[in-house]
>>> print(open('protein_28.cif').read())   # mmCIF, C-alpha atoms and all ligand atoms
data_query
#
loop_
_atom_site.label_atom_id
_atom_site.label_comp_id
_atom_site.auth_asym_id
_atom_site.auth_seq_id
_atom_site.Cartn_x
_atom_site.Cartn_y
_atom_site.Cartn_z
CA MET A 1 59.56 -58.23 -1.27
CA HIS A 2 59.04 -55.38 1.17
CA LEU A 3 59.88 -51.88 0.07
CA ALA A 4 60.43 -50.12 3.36
CA PRO A 5 63.86 -51.50 4.29
CA LEU A 6 65.16 -51.05 0.75
CA ILE A 7 64.82 -47.37 0.16
CA GLU A 8 66.22 -44.15 1.63
CA GLY A 9 62.84 -42.44 1.48
CA ARG A 10 59.70 -43.11 3.49
CA VAL A 11 57.21 -45.91 2.90
CA THR A 12 53.84 -46.00 4.66
CA THR A 13 50.77 -48.15 4.27
CA ASN A 14 47.15 -46.98 4.35
CA GLU A 15 48.20 -43.37 3.94
CA ARG A 16 45.21 -41.02 3.62
CA MET A 17 45.47 -39.11 0.38
CA ALA A 18 43.26 -36.14 1.31
CA PRO A 19 46.07 -34.25 3.14
CA HIS A 20 48.32 -34.72 0.10
CA THR A 21 45.88 -32.99 -2.25
CA THR A 22 44.54 -29.44 -2.56
CA TYR A 23 41.05 -30.97 -2.94
CA ARG A 24 41.37 -32.54 0.53
CA ILE A 25 39.62 -35.59 -0.98
CA GLY A 26 40.87 -39.16 -0.96
CA GLY A 27 40.96 -42.11 1.39
CA PRO A 28 43.90 -44.42 2.04
CA ALA A 29 46.38 -45.53 -0.58
CA ASP A 30 47.64 -49.05 0.08
CA VAL A 31 51.29 -47.97 -0.20
CA PHE A 32 52.72 -44.44 -0.19
CA VAL A 33 56.37 -43.95 -1.11
CA VAL A 34 58.38 -40.76 -0.75
CA ALA A 35 61.32 -41.27 -3.11
CA GLU A 36 64.54 -39.41 -2.33
CA SER A 37 66.71 -40.61 -5.21
CA VAL A 38 66.83 -42.43 -8.52
CA LYS A 39 68.08 -45.39 -6.51
CA ASP A 40 64.79 -45.37 -4.59
CA LEU A 41 62.84 -45.20 -7.85
CA ARG A 42 64.79 -48.18 -9.14
CA LYS A 43 63.75 -50.20 -6.07
CA VAL A 44 60.13 -49.13 -6.47
CA ALA A 45 60.23 -50.09 -10.15
CA GLN A 46 61.63 -53.49 -9.26
CA PHE A 47 58.82 -53.96 -6.73
CA LEU A 48 56.25 -53.00 -9.38
CA ALA A 49 57.80 -55.38 -11.90
CA GLU A 50 57.43 -58.18 -9.37
CA HIS A 51 53.81 -57.19 -8.67
CA GLU A 52 52.53 -56.65 -12.18
CA ASP A 53 48.91 -56.32 -11.16
CA VAL A 54 49.52 -53.52 -8.69
CA PRO A 55 48.62 -50.12 -10.16
CA TYR A 56 50.59 -47.00 -9.29
CA GLN A 57 50.40 -43.26 -9.57
CA ILE A 58 52.99 -40.51 -9.42
CA LEU A 59 51.91 -37.68 -7.13
CA GLY A 60 53.42 -34.19 -7.16
CA GLY A 61 51.81 -31.35 -5.21
CA GLY A 62 48.38 -32.99 -5.53
CA SER A 63 46.76 -29.84 -6.98
CA ASN A 64 45.28 -31.39 -10.11
CA VAL A 65 44.10 -34.78 -8.89
CA LEU A 66 40.93 -36.35 -7.50
CA TYR A 67 41.55 -39.46 -5.42
CA PRO A 68 38.99 -42.18 -4.58
CA ASP A 69 37.89 -43.43 -1.16
CA HIS A 70 40.51 -46.16 -1.37
CA TYR A 71 43.43 -46.34 -3.80
CA GLN A 72 44.43 -49.97 -4.14
CA GLY A 73 47.92 -49.36 -5.38
CA VAL A 74 51.21 -47.53 -4.86
CA VAL A 75 51.53 -43.74 -4.83
CA ILE A 76 55.03 -42.39 -5.48
CA HIS A 77 55.94 -38.85 -4.46
CA PRO A 78 59.24 -36.92 -4.75
CA GLY A 79 60.88 -36.10 -1.41
CA GLU A 80 63.11 -33.25 -0.23
CA GLU A 81 66.21 -34.59 -1.98
CA LEU A 82 64.33 -34.38 -5.28
CA SER A 83 63.18 -30.81 -4.66
CA ALA A 84 66.31 -28.60 -4.76
CA ILE A 85 66.40 -25.44 -6.90
CA GLU A 86 69.71 -24.33 -8.43
CA ARG A 87 70.92 -21.76 -10.88
CA ASN A 88 73.59 -21.94 -13.53
CA GLY A 89 73.75 -18.72 -15.58
CA SER A 90 70.32 -18.20 -17.07
CA THR A 91 69.32 -21.84 -16.55
CA ILE A 92 67.39 -22.94 -13.48
CA THR A 93 67.44 -26.59 -12.53
CA ALA A 94 64.74 -27.73 -10.15
CA GLY A 95 64.05 -31.10 -8.57
CA ALA A 96 60.59 -32.36 -9.55
CA GLY A 97 59.18 -31.86 -6.07
CA ALA A 98 60.09 -28.14 -5.92
CA GLU A 99 57.01 -25.95 -5.55
CA MET A 100 56.30 -24.11 -8.79
CA HIS A 101 55.75 -20.81 -7.01
CA GLU A 102 59.09 -21.19 -5.17
CA VAL A 103 60.85 -21.63 -8.51
CA VAL A 104 59.14 -18.46 -9.79
CA LEU A 105 60.26 -16.54 -6.69
CA LYS A 106 63.84 -17.82 -6.93
CA ALA A 107 64.03 -16.91 -10.62
CA ALA A 108 62.90 -13.38 -9.79
CA ALA A 109 65.37 -13.10 -6.88
CA TRP A 110 68.18 -14.21 -9.21
CA GLY A 111 67.18 -11.55 -11.75
CA LEU A 112 65.95 -14.08 -14.28
CA GLY A 113 62.86 -13.12 -16.23
CA GLY A 114 60.25 -14.91 -18.27
CA LEU A 115 58.67 -17.15 -15.62
CA ASP A 116 56.45 -14.65 -13.78
CA PHE A 117 53.30 -15.89 -15.55
CA MET A 118 53.56 -19.15 -13.55
CA ALA A 119 53.24 -17.27 -10.24
CA GLY A 120 50.64 -18.68 -7.88
CA ILE A 121 50.05 -21.92 -9.76
CA PRO A 122 49.92 -24.52 -6.98
CA GLY A 123 51.81 -27.79 -7.08
CA SER A 124 55.25 -28.97 -8.06
CA ILE A 125 57.36 -28.24 -11.12
CA GLY A 126 57.21 -31.95 -12.03
CA GLY A 127 53.41 -31.80 -12.15
CA ALA A 128 53.51 -28.51 -14.05
CA VAL A 129 55.71 -30.02 -16.76
CA LYS A 130 53.73 -33.24 -17.00
CA GLY A 131 50.51 -31.25 -17.51
CA ASN A 132 52.06 -28.33 -19.44
CA ALA A 133 50.62 -25.92 -16.89
CA GLY A 134 50.27 -22.29 -17.81
CA ALA A 135 48.38 -19.06 -17.52
CA PHE A 136 47.68 -15.91 -19.50
CA GLY A 137 48.25 -17.64 -22.84
CA LYS A 138 51.71 -18.97 -21.88
CA TRP A 139 52.88 -22.48 -20.97
CA ILE A 140 55.74 -23.94 -18.97
CA SER A 141 56.79 -25.87 -22.11
CA GLN A 142 57.97 -22.56 -23.60
CA LYS A 143 60.65 -22.42 -20.88
CA VAL A 144 61.65 -26.08 -20.63
CA LYS A 145 65.17 -26.93 -21.80
CA LYS A 146 65.27 -30.55 -20.69
CA VAL A 147 63.54 -32.99 -18.40
CA LYS A 148 65.31 -35.75 -16.49
CA GLY A 149 63.44 -38.73 -15.18
CA PHE A 150 63.26 -42.41 -14.46
CA ASP A 151 61.09 -44.73 -16.53
CA LEU A 152 59.41 -47.05 -14.04
CA THR A 153 58.56 -49.60 -16.74
CA GLU A 154 61.88 -49.74 -18.58
CA ARG A 155 63.78 -49.10 -15.34
CA VAL A 156 66.17 -46.63 -16.94
CA GLU A 157 67.08 -42.99 -16.43
CA LYS A 158 66.36 -40.75 -19.40
CA THR A 159 66.84 -37.15 -20.38
CA LEU A 160 64.29 -35.63 -22.73
CA LYS A 161 65.05 -32.39 -24.58
CA GLU A 162 62.10 -30.04 -24.86
CA ASP A 163 61.65 -30.78 -28.58
CA GLU A 164 61.48 -34.52 -27.86
CA ILE A 165 58.29 -34.00 -25.89
CA GLN A 166 54.97 -33.49 -27.59
CA TRP A 167 53.25 -30.59 -25.86
CA SER A 168 49.64 -29.58 -26.17
CA TYR A 169 47.14 -27.47 -24.26
CA ARG A 170 47.39 -28.56 -20.60
CA SER A 171 49.07 -31.81 -21.50
CA SER A 172 52.24 -33.50 -22.68
CA ASN A 173 53.00 -36.97 -23.93
CA VAL A 174 55.38 -37.63 -21.03
CA SER A 175 54.45 -41.20 -20.18
CA PRO A 176 52.56 -41.97 -16.93
CA ALA A 177 55.44 -44.37 -16.20
CA PHE A 178 58.04 -41.60 -16.49
CA PHE A 179 58.82 -40.17 -13.06
CA ILE A 180 60.20 -36.68 -13.71
CA THR A 181 63.09 -36.12 -11.33
CA GLU A 182 64.51 -32.81 -12.55
CA VAL A 183 63.57 -29.98 -14.89
CA ALA A 184 65.92 -27.43 -16.50
CA LEU A 185 64.34 -24.13 -17.53
CA LYS A 186 65.95 -21.66 -19.90
CA LEU A 187 65.23 -18.11 -18.73
CA GLU A 188 66.47 -14.67 -19.71
CA PRO A 189 68.09 -11.81 -17.84
CA GLY A 190 65.38 -9.70 -16.24
CA SER A 191 64.73 -7.12 -13.55
CA ARG A 192 64.26 -8.39 -10.02
CA GLU A 193 62.00 -5.47 -9.06
CA ALA A 194 59.83 -5.77 -12.19
CA SER A 195 59.43 -9.51 -11.68
CA MET A 196 58.54 -9.15 -8.00
CA ALA A 197 55.91 -6.51 -8.82
CA GLU A 198 54.43 -8.71 -11.56
CA ILE A 199 54.35 -11.78 -9.28
CA GLU A 200 52.54 -9.79 -6.62
CA ARG A 201 50.04 -8.50 -9.18
CA ILE A 202 49.33 -12.01 -10.47
CA VAL A 203 48.95 -13.47 -6.97
CA GLU A 204 46.42 -10.73 -6.09
CA LEU A 205 44.55 -11.31 -9.36
CA ARG A 206 44.35 -15.04 -8.63
CA LYS A 207 43.08 -14.37 -5.12
CA SER A 208 40.33 -12.14 -6.48
CA LYS A 209 39.18 -14.69 -9.08
CA HIS A 210 39.61 -18.11 -7.51
CA PRO A 211 37.51 -19.69 -4.77
CA THR A 212 39.17 -20.04 -1.40
CA GLU A 213 37.65 -23.47 -0.67
CA PRO A 214 39.64 -26.64 -1.46
CA SER A 215 39.66 -27.47 -5.18
CA ALA A 216 41.90 -28.84 -7.90
CA GLY A 217 41.65 -25.74 -10.08
CA SER A 218 39.70 -25.76 -13.33
CA VAL A 219 37.82 -29.01 -13.71
CA PHE A 220 37.39 -28.89 -17.49
CA VAL A 221 39.67 -27.96 -20.35
CA ASN A 222 38.38 -24.96 -22.27
CA PRO A 223 36.80 -26.34 -25.45
CA ARG A 224 38.04 -23.53 -27.70
CA PRO A 225 40.33 -21.18 -25.78
CA PRO A 226 40.18 -18.22 -25.54
CA ASP A 227 36.84 -17.83 -27.37
CA VAL A 228 34.85 -20.58 -25.67
CA THR A 229 35.66 -21.23 -22.03
CA ALA A 230 34.15 -24.04 -19.98
CA GLY A 231 33.44 -21.59 -17.14
CA ARG A 232 31.26 -19.39 -19.35
CA LEU A 233 29.24 -22.35 -20.69
CA ILE A 234 28.69 -23.78 -17.21
CA GLU A 235 27.74 -20.38 -15.81
CA GLU A 236 25.21 -19.82 -18.60
CA LEU A 237 23.55 -23.10 -17.66
CA GLY A 238 23.04 -21.83 -14.12
CA PHE A 239 25.29 -24.36 -12.38
CA LYS A 240 26.96 -21.89 -10.02
CA GLY A 241 26.04 -22.97 -6.49
CA ARG A 242 24.71 -26.41 -7.63
CA ARG A 243 25.62 -28.96 -4.95
CA ILE A 244 25.85 -32.73 -4.72
CA GLY A 245 26.87 -33.98 -1.28
CA ASP A 246 29.69 -31.65 -0.25
CA ALA A 247 30.81 -30.92 -3.83
CA MET A 248 29.63 -27.60 -5.21
CA CYS A 249 30.03 -25.72 -8.46
CA SER A 250 31.76 -22.62 -7.13
CA PRO A 251 29.54 -19.53 -6.98
CA ARG A 252 32.73 -17.58 -7.75
CA HIS A 253 34.12 -19.45 -10.76
CA ALA A 254 31.89 -21.94 -12.58
CA ASN A 255 34.79 -24.12 -13.80
CA PHE A 256 35.83 -24.88 -10.20
CA ILE A 257 34.08 -27.62 -8.24
CA ILE A 258 34.85 -26.97 -4.60
CA ASN A 259 34.92 -29.26 -1.57
CA LEU A 260 32.70 -27.71 1.10
CA ASP A 261 33.89 -30.11 3.79
CA ASN A 262 33.59 -33.85 3.31
CA ALA A 263 33.13 -34.21 -0.46
CA THR A 264 34.03 -37.57 -1.97
CA GLN A 265 35.22 -38.49 -5.44
CA ALA A 266 31.68 -39.77 -6.12
CA ASP A 267 30.14 -36.37 -5.23
CA VAL A 268 32.51 -34.54 -7.58
CA MET A 269 32.00 -37.12 -10.34
CA ALA A 270 28.21 -36.85 -10.08
CA LEU A 271 28.43 -33.07 -10.53
CA ILE A 272 30.90 -33.48 -13.39
CA GLY A 273 28.44 -35.87 -15.08
CA GLN A 274 25.54 -33.42 -14.78
CA ILE A 275 27.62 -30.55 -16.16
CA LYS A 276 28.94 -32.59 -19.09
CA ASN A 277 25.45 -33.75 -20.07
CA ALA A 278 23.98 -30.27 -19.84
CA VAL A 279 26.81 -28.66 -21.85
CA LYS A 280 26.57 -31.34 -24.54
CA GLU A 281 22.81 -30.99 -24.77
CA ARG A 282 22.69 -27.20 -24.93
CA PHE A 283 25.96 -26.25 -26.66
CA GLY A 284 27.10 -29.47 -28.35
CA TYR A 285 30.58 -29.49 -26.74
CA ASP A 286 32.05 -32.63 -25.19
CA LEU A 287 33.80 -31.19 -22.14
CA ALA A 288 36.99 -33.04 -21.19
CA GLU A 289 38.30 -33.13 -17.63
CA GLU A 290 41.49 -31.21 -16.90
CA ILE A 291 41.77 -32.71 -13.43
CA LYS A 292 43.16 -36.25 -13.21
CA ILE A 293 40.60 -38.66 -11.86
CA ILE A 294 42.40 -41.47 -10.09
CA THR A 295 40.93 -44.97 -9.87
CA SER A 296 42.41 -48.32 -8.90
CA GLN A 297 40.59 -50.01 -11.73
CA GLU A 298 42.84 -48.83 -14.54
CA GLU A 299 45.06 -51.40 -16.16
CA PRO A 300 48.39 -51.27 -14.33
CA VAL A 301 50.69 -48.88 -16.13
CA CYS A 302 53.54 -51.37 -16.34
CA LYS A 303 51.41 -53.64 -18.47
CA LYS A 304 50.82 -51.04 -21.10
CA GLU A 305 53.42 -51.15 -23.80
CA VAL A 306 52.53 -47.85 -25.45
CA ARG A 307 54.32 -45.94 -22.75
CA SER A 308 57.87 -46.01 -23.89
CA LYS A 309 56.80 -45.34 -27.45
CA GLU A 310 55.10 -42.14 -26.35
CA ILE A 311 58.40 -40.72 -25.16
CA GLY A 312 60.74 -39.33 -27.70
CA LYS A 313 58.28 -38.23 -30.35
CA LYS A 314 59.35 -35.03 -31.98
CA SER A 315 56.73 -32.32 -32.20
CA ASN A 316 56.11 -28.69 -31.37
CA GLY A 317 52.36 -28.95 -30.68
CA GLY A 318 51.05 -26.50 -28.13
CA LYS A 319 54.14 -24.30 -28.06
C1 LIG A 401 43.49 -22.91 -7.01
C2 LIG A 401 44.14 -23.59 -8.19
C3 LIG A 401 44.51 -22.84 -9.29
C4 LIG A 401 45.10 -23.45 -10.40
N1 LIG A 401 45.49 -22.67 -11.46
C5 LIG A 401 46.08 -23.25 -12.53
C6 LIG A 401 46.51 -22.46 -13.65
O1 LIG A 401 46.37 -21.24 -13.67
N2 LIG A 401 47.10 -23.10 -14.69
C7 LIG A 401 47.31 -24.45 -14.68
O2 LIG A 401 47.86 -24.96 -15.66
N3 LIG A 401 46.92 -25.22 -13.64
C8 LIG A 401 46.32 -24.65 -12.58
N4 LIG A 401 45.92 -25.44 -11.51
C9 LIG A 401 46.08 -26.89 -11.56
C10 LIG A 401 47.42 -27.40 -10.97
O3 LIG A 401 47.89 -26.52 -10.00
C11 LIG A 401 48.47 -27.61 -12.05
O4 LIG A 401 48.02 -28.51 -13.00
C12 LIG A 401 49.80 -28.11 -11.45
O5 LIG A 401 50.82 -27.89 -12.38
C13 LIG A 401 49.77 -29.57 -11.03
O6 LIG A 401 50.98 -29.88 -10.37
P1 LIG A 401 51.03 -30.91 -9.16
O7 LIG A 401 52.45 -31.07 -8.75
O8 LIG A 401 50.09 -30.51 -8.09
O9 LIG A 401 50.53 -32.23 -9.88
P2 LIG A 401 49.63 -33.40 -9.26
O10 LIG A 401 48.24 -32.88 -9.03
O11 LIG A 401 50.32 -34.05 -8.13
O12 LIG A 401 49.61 -34.41 -10.49
C14 LIG A 401 49.06 -34.02 -11.73
C15 LIG A 401 49.54 -35.00 -12.80
O13 LIG A 401 50.95 -34.85 -12.97
C16 LIG A 401 51.61 -36.10 -12.71
N5 LIG A 401 52.87 -35.79 -12.01
C17 LIG A 401 53.04 -35.03 -10.89
N6 LIG A 401 54.34 -35.01 -10.55
C18 LIG A 401 55.00 -35.76 -11.46
C19 LIG A 401 56.38 -36.13 -11.64
N7 LIG A 401 57.35 -35.74 -10.80
N8 LIG A 401 56.70 -36.93 -12.69
C20 LIG A 401 55.74 -37.36 -13.55
N9 LIG A 401 54.42 -37.07 -13.43
C21 LIG A 401 54.06 -36.26 -12.39
C22 LIG A 401 50.64 -36.92 -11.85
O14 LIG A 401 50.86 -38.30 -12.02
C23 LIG A 401 49.30 -36.46 -12.42
O15 LIG A 401 48.99 -37.17 -13.59
C24 LIG A 401 45.32 -24.84 -10.39
C25 LIG A 401 44.97 -25.60 -9.26
C26 LIG A 401 44.38 -24.97 -8.16
C27 LIG A 401 44.03 -25.80 -6.96
#
>>> encode(input="protein_28.cif", output="structure tokens")
Amino acid sequence: MHLAPLIEGRVTTNERMAPHTTYRIGGPADVFVVAESVKDLRKVAQFLAEHEDVPYQILGGGSNVLYPDHYQGVVIHPGEELSAIERNGSTITAGAGAEMHEVVLKAAAWGLGGLDFMAGIPGSIGGAVKGNAGAFGKWISQKVKKVKGFDLTERVEKTLKEDEIQWSYRSSNVSPAFFITEVALKLEPGSREASMAEIERIVELRKSKHPTEPSAGSVFVNPRPPDVTAGRLIEELGFKGRRIGDAMCSPRHANFIINLDNATQADVMALIGQIKNAVKERFGYDLAEEIKIITSQEEPVCKKEVRSKEIGKKSNGGK
């Protein structure tokens, strides 16, 4: 079965992943699919069901992922048709591929408040919801009303209400097989001018704090936020400026590992390993990665049965 003639979106082979990620790291993926509709996702799911051993990954804006030199699987990405942003009263509905910052700007322009804190976070709204992205002590989950998607294993469309998803710090239990297609956010009436000023302030603040080199944002989850941050621990150990290959612990922000030019996944992983060992030895914390490290070796998602069970649990964790 060949995918290309079956779907409305684009299918390419041997697509380099580096240009699709903010890290600018990653060699070719065997198959790269830009899905434009649920119909496309259904075809992809059928393909995956017929090729059980082929792993796959959903890719949003690529701002929280680290790809290998070769991804032996299928990468599925939302296209333009899955990226529209609409308003209905104080609810904003955005296609999964919509840029998070664009949604923030549209909300402000429509006089809807409460989303300014997400300003400047790179990537798509689908990725933000999957990873419960946030800043300044707030999370996207606090604004989510419902999430629509397509389960690539069960091959069905589903709508999850916000209280059917288990949220926690920088994560959710949305299954890796659940391709988010649309997110509805509940916002509140606000002032356009106040929101625009706040967005500008946040963007400037981010510029002043974050490295300008390619990265995927904070590498590690803070072990005990806000009291113990990974950045502080790493800085105290003198890692700022430490370099392996072209991966470097940013001299500006110790929790960022930057790509100086031609860093590979192996370079970044070697630095991650050194940092984890040193932090464990000196401070006793087991740092966990916030970035998603992609390998082809994982058991194909469609073989794991836990997936569907993860969806639908009722909890308010992390809210
Ligand atoms: C400079 C910089 C600053 C950052 N600052 C912050 C910050 O302040 N706060 C913060 O929380 N994060 C921050 N990040 C990390 C990143 O921007 C967020 O995690 C972002 O929400 C990821 O979205 P994405 O679309 O790029 O996801 P991707 O990197 O494409 O994917 C991340 C994960 O989400 C999954 N995913 C993506 N799209 C979908 C979808 N449609 N359906 C199902 N699963 C999907 C992927 O499979 C993957 O597991 C920063 C990153 C950078 C580079």
>>> residues_near_ligand(input="protein_28.cif", ligand="ligand LIG 401 (chain A)", cutoff="7 Å", atoms="all atoms listed in the file", output="number ranges by chain")
A: 22, 57-65, 78, 96-97, 121-135, 170, 176, 178-181, 210, 215-218, 292
>>> atom_distance(input="protein_28.cif", atom1="atom CA of Thr159 of chain A", atom2="atom CA of Gln46 of chain A")
20.4 Å
>>> closest_residue(input="protein_28.cif", among="A:Leu260, A:Ala4, A:Ile85, A:Ile234", to="Asp246 of chain A", atoms="all atoms listed in the file")
A:Leu260
>>> residues_near_point(input="protein_28.cif", point="(61.6, -23.2, -9.7)", cutoff="10 Å", atoms="all atoms listed in the file", output="mmCIF file with C-alpha atoms, in the coordinates of the input")
data_model
loop_
_atom_site.group_PDB
_atom_site.id
_atom_site.type_symbol
_atom_site.label_atom_id
_atom_site.label_comp_id
_atom_site.auth_asym_id
_atom_site.auth_seq_id
_atom_site.Cartn_x
_atom_site.Cartn_y
_atom_site.Cartn_z
ATOM 1 C CA SER A 83 63.180 -30.810 -4.660
ATOM 2 C CA ALA A 84 66.310 -28.600 -4.760
ATOM 3 C CA ILE A 85 66.400 -25.440 -6.900
ATOM 4 C CA GLU A 86 69.710 -24.330 -8.430
ATOM 5 C CA ARG A 87 70.920 -21.760 -10.880
ATOM 6 C CA ILE A 92 67.390 -22.940 -13.480
ATOM 7 C CA THR A 93 67.440 -26.590 -12.530
ATOM 8 C CA ALA A 94 64.740 -27.730 -10.150
ATOM 9 C CA GLY A 95 64.050 -31.100 -8.570
ATOM 10 C CA ALA A 96 60.590 -32.360 -9.550
ATOM 11 C CA GLY A 97 59.180 -31.860 -6.070
ATOM 12 C CA ALA A 98 60.090 -28.140 -5.920
ATOM 13 C CA GLU A 99 57.010 -25.950 -5.550
ATOM 14 C CA MET A 100 56.300 -24.110 -8.790
ATOM 15 C CA HIS A 101 55.750 -20.810 -7.010
ATOM 16 C CA GLU A 102 59.090 -21.190 -5.170
ATOM 17 C CA VAL A 103 60.850 -21.630 -8.510
ATOM 18 C CA VAL A 104 59.140 -18.460 -9.790
ATOM 19 C CA LEU A 105 60.260 -16.540 -6.690
ATOM 20 C CA LYS A 106 63.840 -17.820 -6.930
ATOM 21 C CA ALA A 107 64.030 -16.910 -10.620
ATOM 22 C CA ALA A 108 62.900 -13.380 -9.790
ATOM 23 C CA LEU A 115 58.670 -17.150 -15.620
ATOM 24 C CA MET A 118 53.560 -19.150 -13.550
ATOM 25 C CA SER A 124 55.250 -28.970 -8.060
ATOM 26 C CA ILE A 125 57.360 -28.240 -11.120
ATOM 27 C CA VAL A 183 63.570 -29.980 -14.890
ATOM 28 C CA ALA A 184 65.920 -27.430 -16.500
ATOM 29 C CA LEU A 185 64.340 -24.130 -17.530
#
>>> closest_residue(input="protein_28.cif", among="A:Pro19, A:Gly149, A:Pro55, A:Gly241", to="Ser37 of chain A", atoms="all atoms listed in the file")
A:Gly149
>>> closest_residue(input="protein_28.cif", among="A:Arg232, A:Lys158, A:Lys146, A:Arg10", to="Val279 of chain A", atoms="only C-alpha atoms")
A:Arg232
>>> atom_distance(input="protein_28.cif", atom1="atom CA of Asp261 of chain A", atom2="atom CA of Asn277 of chain A")
25.6 Å
>>> axis_aligned_box(input="protein_28.cif", around="segment 251-269 of chain A", padding_each_side="8 Å", output="JSON")
{"center_x": 32.7, "center_y": -28.7, "center_z": -5.0, "size_x": 22.3, "size_y": 38.2, "size_z": 33.6}
>>> closest_residue(input="protein_28.cif", among="A:Val75, A:Ala119, A:Val219, A:Tyr67", to="Val54 of chain A", atoms="only C-alpha atoms")
A:Val75
